[in-house]
Each structure stands twice: as C-alpha cells, then as structure tokens.
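Asks: Here you go, run-v3.txt (compact mmCIF, C-alpha atoms):
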# COMPACT_ATOMS: atom_id res chain seq x y z
CA ALA A 1 -18.88 -15.06 -12.27
CA GLU A 2 -17.86 -15.07 -15.95
CA ASP A 3 -20.90 -12.97 -16.91
CA ARG A 4 -19.82 -10.25 -14.44
CA MET A 5 -16.28 -10.03 -15.87
CA ILE A 6 -15.47 -7.35 -18.43
CA PHE A 7 -12.16 -9.02 -19.24
CA SER A 8 -11.11 -12.66 -19.35
CA TYR A 9 -9.92 -14.54 -16.28
CA THR A 10 -6.41 -14.64 -17.73
CA PHE A 11 -6.28 -10.87 -18.18
CA TYR A 12 -7.66 -10.35 -14.65
CA VAL A 13 -5.03 -12.62 -13.10
CA ILE A 14 -2.21 -10.98 -15.10
CA MET A 15 -3.45 -7.55 -14.05
CA LYS A 16 -3.61 -8.54 -10.35
CA VAL A 17 -0.12 -10.09 -10.46
CA THR A 18 1.21 -6.93 -12.15
CA VAL A 19 -0.36 -4.77 -9.44
CA LEU A 20 1.20 -7.00 -6.78
CA GLY A 21 4.63 -6.78 -8.45
CA SER A 22 4.41 -2.99 -8.70
CA PHE A 23 3.34 -2.70 -5.08
CA PHE A 24 6.18 -4.99 -4.01
CA PHE A 25 8.82 -2.82 -5.72
CA PHE A 26 7.22 0.38 -4.37
CA GLN A 27 7.34 -0.95 -0.81
CA ARG A 28 10.83 -2.34 -1.41
CA GLY A 29 11.90 1.28 -1.84
CA PHE A 30 10.59 2.05 1.64
CA ILE A 31 12.31 -1.03 3.07
CA LEU A 32 15.58 0.35 1.68
CA VAL A 33 14.79 3.85 2.99
CA GLY A 34 14.05 2.33 6.40
CA PHE A 35 17.35 0.48 6.29
CA MET A 36 19.22 3.62 5.24
CA TYR A 37 17.77 5.84 7.99
CA LYS A 38 17.53 3.07 10.61
CA ASN A 39 13.75 3.43 10.68
CA TYR A 40 12.86 -0.13 11.66
CA LEU A 41 9.16 0.67 11.98
CA LEU A 42 9.13 1.69 8.30
CA LYS A 43 10.72 -1.61 7.31
CA ILE A 44 8.28 -3.63 9.42
CA ALA A 45 5.26 -1.65 8.16
CA SER A 46 6.37 -2.16 4.56
CA TYR A 47 6.70 -5.92 5.10
CA ILE A 48 3.25 -5.98 6.73
CA LEU A 49 1.75 -4.10 3.76
CA ILE A 50 3.40 -6.48 1.29
CA PHE A 51 2.12 -9.50 3.23
CA CYS A 52 -1.41 -8.02 3.37
CA MET A 53 -1.36 -7.27 -0.35
CA VAL A 54 -0.23 -10.83 -1.17
CA LEU A 55 -3.15 -12.17 0.89
CA PHE A 56 -5.71 -9.73 -0.55
CA ILE A 57 -4.70 -10.20 -4.18
CA GLY A 58 -4.42 -13.95 -3.66
CA TYR A 59 -7.96 -13.96 -2.32
CA ASP A 60 -9.16 -11.80 -5.24
CA ILE A 61 -7.68 -14.23 -7.75
CA VAL A 62 -9.09 -17.31 -5.99
CA SER A 63 -12.53 -15.70 -5.54
CA VAL A 64 -12.85 -15.24 -9.31
CA PHE A 65 -12.85 -19.00 -9.74
CA ASN A 66 -15.39 -19.78 -7.03
CA ASP A 67 -18.36 -17.77 -5.77
CA ASP A 68 -18.01 -16.80 -2.13
CA VAL A 69 -21.18 -15.81 -0.35
CA GLU A 70 -19.45 -13.98 2.49
CA ARG A 71 -17.38 -11.72 0.24
CA GLU A 72 -18.65 -8.61 2.07
CA PHE A 73 -17.19 -9.85 5.36
CA ILE A 74 -13.86 -10.62 3.71
CA LEU A 75 -13.74 -7.15 2.12
CA ALA A 76 -14.60 -5.53 5.46
CA GLY A 77 -11.80 -7.50 7.10
CA GLU A 78 -9.42 -6.44 4.33
CA ALA A 79 -10.39 -2.78 4.80
CA MET A 80 -9.81 -2.91 8.55
CA THR A 81 -6.52 -4.81 8.23
CA PHE A 82 -5.23 -2.51 5.50
CA GLY A 83 -6.36 0.52 7.53
CA GLY A 84 -4.39 -0.63 10.55
CA ALA A 85 -1.31 -1.31 8.44
CA CYS A 86 -1.65 2.14 6.81
CA ILE A 87 -1.76 3.82 10.22
CA ILE A 88 1.47 2.06 11.27
CA PHE A 89 3.06 2.93 7.90
CA GLY A 90 1.94 6.55 8.29
CA PHE A 91 3.54 6.86 11.72
CA SER A 92 6.76 5.40 10.36
CA LEU A 93 6.74 7.95 7.52
CA THR A 94 6.42 10.87 9.94
CA ARG A 95 9.60 9.64 11.63
CA LEU A 96 11.46 10.37 8.36
CA SER A 97 10.85 14.12 8.61
CA ASN A 98 14.34 14.86 10.01
CA ALA A 99 15.95 13.06 7.08
CA VAL A 100 13.77 14.04 4.11
CA GLY A 101 11.82 17.06 5.34
CA THR A 102 8.18 17.98 5.87
CA ILE A 103 7.07 15.97 2.85
CA ALA A 104 7.38 12.90 5.09
CA ASN A 105 4.97 14.49 7.57
CA PHE A 106 2.44 15.18 4.80
CA ALA A 107 2.72 11.62 3.50
CA GLY A 108 2.42 10.20 7.00
CA VAL A 109 -0.60 12.28 7.98
CA PHE A 110 -2.47 11.46 4.76
CA GLU A 111 -1.63 7.78 5.24
CA ILE A 112 -2.82 7.80 8.89
CA VAL A 113 -6.08 9.60 8.10
CA ALA A 114 -6.74 7.31 5.11
CA GLY A 115 -6.09 4.30 7.35
CA CYS A 116 -8.63 5.60 9.87
CA PHE A 117 -11.25 5.87 7.11
CA TYR A 118 -10.45 2.32 5.94
CA ILE A 119 -10.97 1.01 9.48
CA THR A 120 -14.52 2.44 9.53
CA VAL A 121 -15.24 0.21 6.48
CA ILE A 122 -18.27 2.32 5.50
CA LEU A 123 -16.11 5.38 4.71
CA PHE A 124 -13.39 3.42 2.86
CA PHE A 125 -13.98 5.49 -0.30
CA ILE A 126 -12.73 8.62 1.50
CA GLY A 127 -9.62 6.62 2.41
CA ASP A 128 -9.18 5.78 -1.27
CA ILE A 129 -9.36 9.48 -2.17
CA LEU A 130 -6.87 10.42 0.57
CA MET A 131 -4.46 7.72 -0.63
CA ILE A 132 -3.89 9.65 -3.88
CA PRO A 133 -1.95 12.54 -2.28
CA ALA A 134 -0.36 10.12 0.20
CA GLU A 135 1.04 8.01 -2.64
CA LEU A 136 2.24 11.11 -4.50
CA PHE A 137 4.09 12.31 -1.39
CA GLU A 138 5.53 8.82 -0.96
CA ILE A 139 6.82 8.84 -4.53
CA ALA A 140 8.42 12.21 -3.77
CA ILE A 141 10.06 10.71 -0.65
CA LEU A 142 11.55 7.88 -2.69
CA TYR A 143 12.74 10.34 -5.34
CA LYS A 144 14.25 12.70 -2.76
CA THR A 145 16.00 9.83 -1.00
CA GLY A 146 17.41 8.69 -4.34
CA GLU A 147 18.71 12.21 -4.97
CA LEU A 148 20.29 12.34 -1.50
CA ILE A 149 22.07 9.04 -2.19
CA LYS A 150 23.35 10.31 -5.56
CA SER A 151 24.65 13.55 -4.01
CA LYS A 152 26.50 11.63 -1.28
CA GLN A 153 28.16 9.38 -3.87
CA GLN A 154 29.67 12.32 -5.75
Starting from the file, give its structure as structure tokens.
Replies:
Amino acid sequence: AEDRMIFSYTFYVIMKVTVLGSFFFFQRGFILVGFMYKNYLLKIASYILIFCMVLFIGYDIVSVFNDDVEREFILAGEAMTFGGACIIFGFSLTRLSNAVGTIANFAGVFEIVAGCFYITVILFFIGDILMIPAELFEIAILYKTGELIKSKQQ
C-alpha cells in the first residue's frame, strides 16, 4: 500500500481526521438549526451523517494499514448508506423552507438527487458533482440562520 500513497501515512491520517472534524462542525450547525426550528428530522439526519462519516473515515484509515481484498464491496456499501442518509437529510432541509426560504428547498432537492445517484453506486460521480451546489446552499442556510439569530438578539 505504501507504494500507492502519494503522501505519508501520518499525513493521510491527519488529513482524514481533519476532514472528519470539519464535517462534524458543519453538521453540528445543522443540529443547532434543527433544535432552533424544532426540525427533529434534521437533527437525526445530521447525527446519522456524522455516525456514517466516523465509520467511513475510520475504515479508510484502517484500510491503509492492511490490504483489504473486498474494498469494492465496502465502497459500494458506503455509497448506498451515504446515499440513503443524504436523501433523509435532503427531506429534512426542505422542511426548513418556511424558516429560511427557498434556499432550503434548493439544498434539499440537490441533496436528495445526489443521494439517489449515490445509491446507484455506478453513478456516484454524478452525486459528487451535485453535492457541490448542495453544500454551497447548505453553507448559505447556516449563514442565513446565523444572521436571523443576530437580528433577533438586537
């Protein structure tokens, strides 16, 4: 496995842990938004996504240190699991439209469609492309919610 690595194992592990930390704080924002707007599905979906990401990144880190022959099956399972979680998360985002506007619908629809592509496994790359606007809309949701909180405090 070492000959296939561009970077050292240490750098790879640090990078994966950093990605996990960033994802955790991103989803933590949606847990707080779900709490604020009493959108329990959003909170549950965010916890599911965090749990999935911990498992996936944990597997990635462990798989670097031992060669796994059935890696394709694991990756297919990850794609389907993540796709299902994305669909649930997408539906929960659309339920925010009354509170934060149509941007929540855009984020939710992109997330749902991306999740459907992940579930197909073969078309996962289209899901990856669709996740770019979904994530940008989600960042906008977190920003807008932050602005709404600031305006209520004044």
Asks: At what distance in Å, to one decimal, does CA of Leu20 in chain A lie from CA of Val54 in chain A?
Replies: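 CA of Val54 in chain A sits 6.9 Å away from CA of Leu20 in chain A.
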Asks: Pick from A:Gly29, A:Gly127, A:Phe110, A:Gln154: nearest to Ile139 in chain A, with all atoms listed in the file counted?
Replies: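 Of all the options, A:Gly29 lies closest to Ile139 in chain A.
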Asks: Just want the 12 Å neighbourhood of Phe56 in chain A, counted on only C-alpha atoms, with same-chain residues fewer than 6 positions away dropped. Output as a list of chain:residue names.
Replies: A:Lys16, A:Val17, A:Val19, A:Leu20, A:Leu49, A:Ile50, A:Val62, A:Ser63, A:Arg71, A:Ile74, A:Leu75, A:Ala76, A:Gly77, A:Glu78, A:Ala79, A:Thr81, A:Phe82
Asks: Mind giving me the straight-line distance from CA of Phe25 in chain A to CA of Val121 in chain A in Å, one decimal?
Replies: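 Result for CA of Phe25 in chain A versus CA of Val121 in chain A: 27.1 Å, one decimal.
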Asks: Taking into account only C-alpha atoms, which residue in the set A:Ile126, A:Leu93, A:Met15, A:Ile112 is nearest to Phe30 in chain A?
Replies: A:Leu93
Asks: Pick out the closest residue to Phe26 in chain A from this set: A:Lys150, A:Leu142, A:Gly58, A:Val13. Count only C-alpha atoms.
Replies: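 Checking each candidate against Phe26 in chain A, we get A:Leu142 as the closest.
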Asks: Show me, as a list of chain:residue names, the residues that have an atom within 8 Å of Tyr118 in chain A when counting only C-alpha atoms, minus same-chain residues fewer than 2 positions from it.
Replies: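 Those residues are A:Ala79, A:Met80, A:Phe82, A:Gly83, A:Ala114, A:Gly115, A:Cys116, A:Thr120, A:Val121, A:Ile122, A:Leu123, A:Phe124, A:Phe125, A:Gly127.
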Asks: Within 10 Å of (21.1, 5.2, 2.0) (file coordinates; only C-alpha atoms), which protein or nucleic acid residues are there? I'd like them as a PyMOL selection string.
Replies: chain A and resi 32-38+145-146+148-150+152
Asks: From the list A:Phe89, A:Phe73, A:Tyr12, A:Phe23, which residue is nearest Asp60 in chain A when using only C-alpha atoms?
Replies: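 Under the stated criterion, the closest residue is A:Tyr12.
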Asks: Please, what distance in Å, to one decimal, runs between CA of Phe117 in chain A and CA of Tyr59 in chain A?
Replies: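 According to the coordinates, CA of Phe117 in chain A and CA of Tyr59 in chain A are separated by 22.2 Å.
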Asks: Excluding Phe11 in chain A and its own-chain neighbours fewer than 6 positions away, which residues fall within 12 Å of it when counting all atoms listed in the file? Please give them as number ranges by chain.
Replies: A: 5, 17-18, 61, 64
Asks: Could you give me the axis-aligned bounding box of range 137-152 of chain A, with 4 Å of padding per side, as centre plus edge lengths in Å to one decimal, as JSON?
Replies:
{"center_x": 15.3, "center_y": 10.7, "center_z": -3.1, "size_x": 30.4, "size_y": 13.7, "size_z": 12.9}
Asks: Considering all atoms listed in the file, can you say which of A:Met131, A:Ala85, A:Ala107, A:Val100 comes closest to Ile119 in chain A?
Replies: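 Result for the nearest residue to Ile119 in chain A: A:Ala85.
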Asks: Quick one: of A:Ile129, A:Ile44, A:Ala134, A:Ile6, who's nearest to Ser92 in chain A, counting only C-alpha atoms?
Replies: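 When distances to Ser92 in chain A are compared using only C-alpha atoms, the smallest one comes from A:Ile44.
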Asks: Would it be fine to have range 110-129 of chain A, with C-alpha atoms, given as a PDB file, in the first residue's frame?
Replies:
ATOM      1  CA  PHE A 110     -29.819  18.753  -4.673  1.00  0.00           C
ATOM      2  CA  GLU A 111     -29.109  16.598  -1.611  1.00  0.00           C
ATOM      3  CA  ILE A 112     -31.955  14.165  -2.441  1.00  0.00           C
ATOM      4  CA  VAL A 113     -30.956  13.822  -6.103  1.00  0.00           C
ATOM      5  CA  ALA A 114     -27.276  13.374  -5.159  1.00  0.00           C
ATOM      6  CA  GLY A 115     -28.314  10.707  -2.646  1.00  0.00           C
ATOM      7  CA  CYS A 116     -30.240   8.863  -5.361  1.00  0.00           C
ATOM      8  CA  PHE A 117     -27.138   8.835  -7.564  1.00  0.00           C
ATOM      9  CA  TYR A 118     -25.017   7.541  -4.658  1.00  0.00           C
ATOM     10  CA  ILE A 119     -27.473   4.681  -4.119  1.00  0.00           C
ATOM     11  CA  THR A 120     -26.984   3.525  -7.726  1.00  0.00           C
ATOM     12  CA  VAL A 121     -23.259   3.110  -6.874  1.00  0.00           C
ATOM     13  CA  ILE A 122     -22.280   3.190 -10.566  1.00  0.00           C
ATOM     14  CA  LEU A 123     -23.386   6.832 -10.963  1.00  0.00           C
ATOM     15  CA  PHE A 124     -21.848   8.020  -7.669  1.00  0.00           C
ATOM     16  CA  PHE A 125     -19.676  10.549  -9.538  1.00  0.00           C
ATOM     17  CA  ILE A 126     -22.806  12.467 -10.617  1.00  0.00           C
ATOM     18  CA  GLY A 127     -23.787  12.541  -6.934  1.00  0.00           C
ATOM     19  CA  ASP A 128     -20.374  14.014  -6.135  1.00  0.00           C
ATOM     20  CA  ILE A 129     -20.926  16.758  -8.719  1.00  0.00           C
TER      21      ILE A 129
END
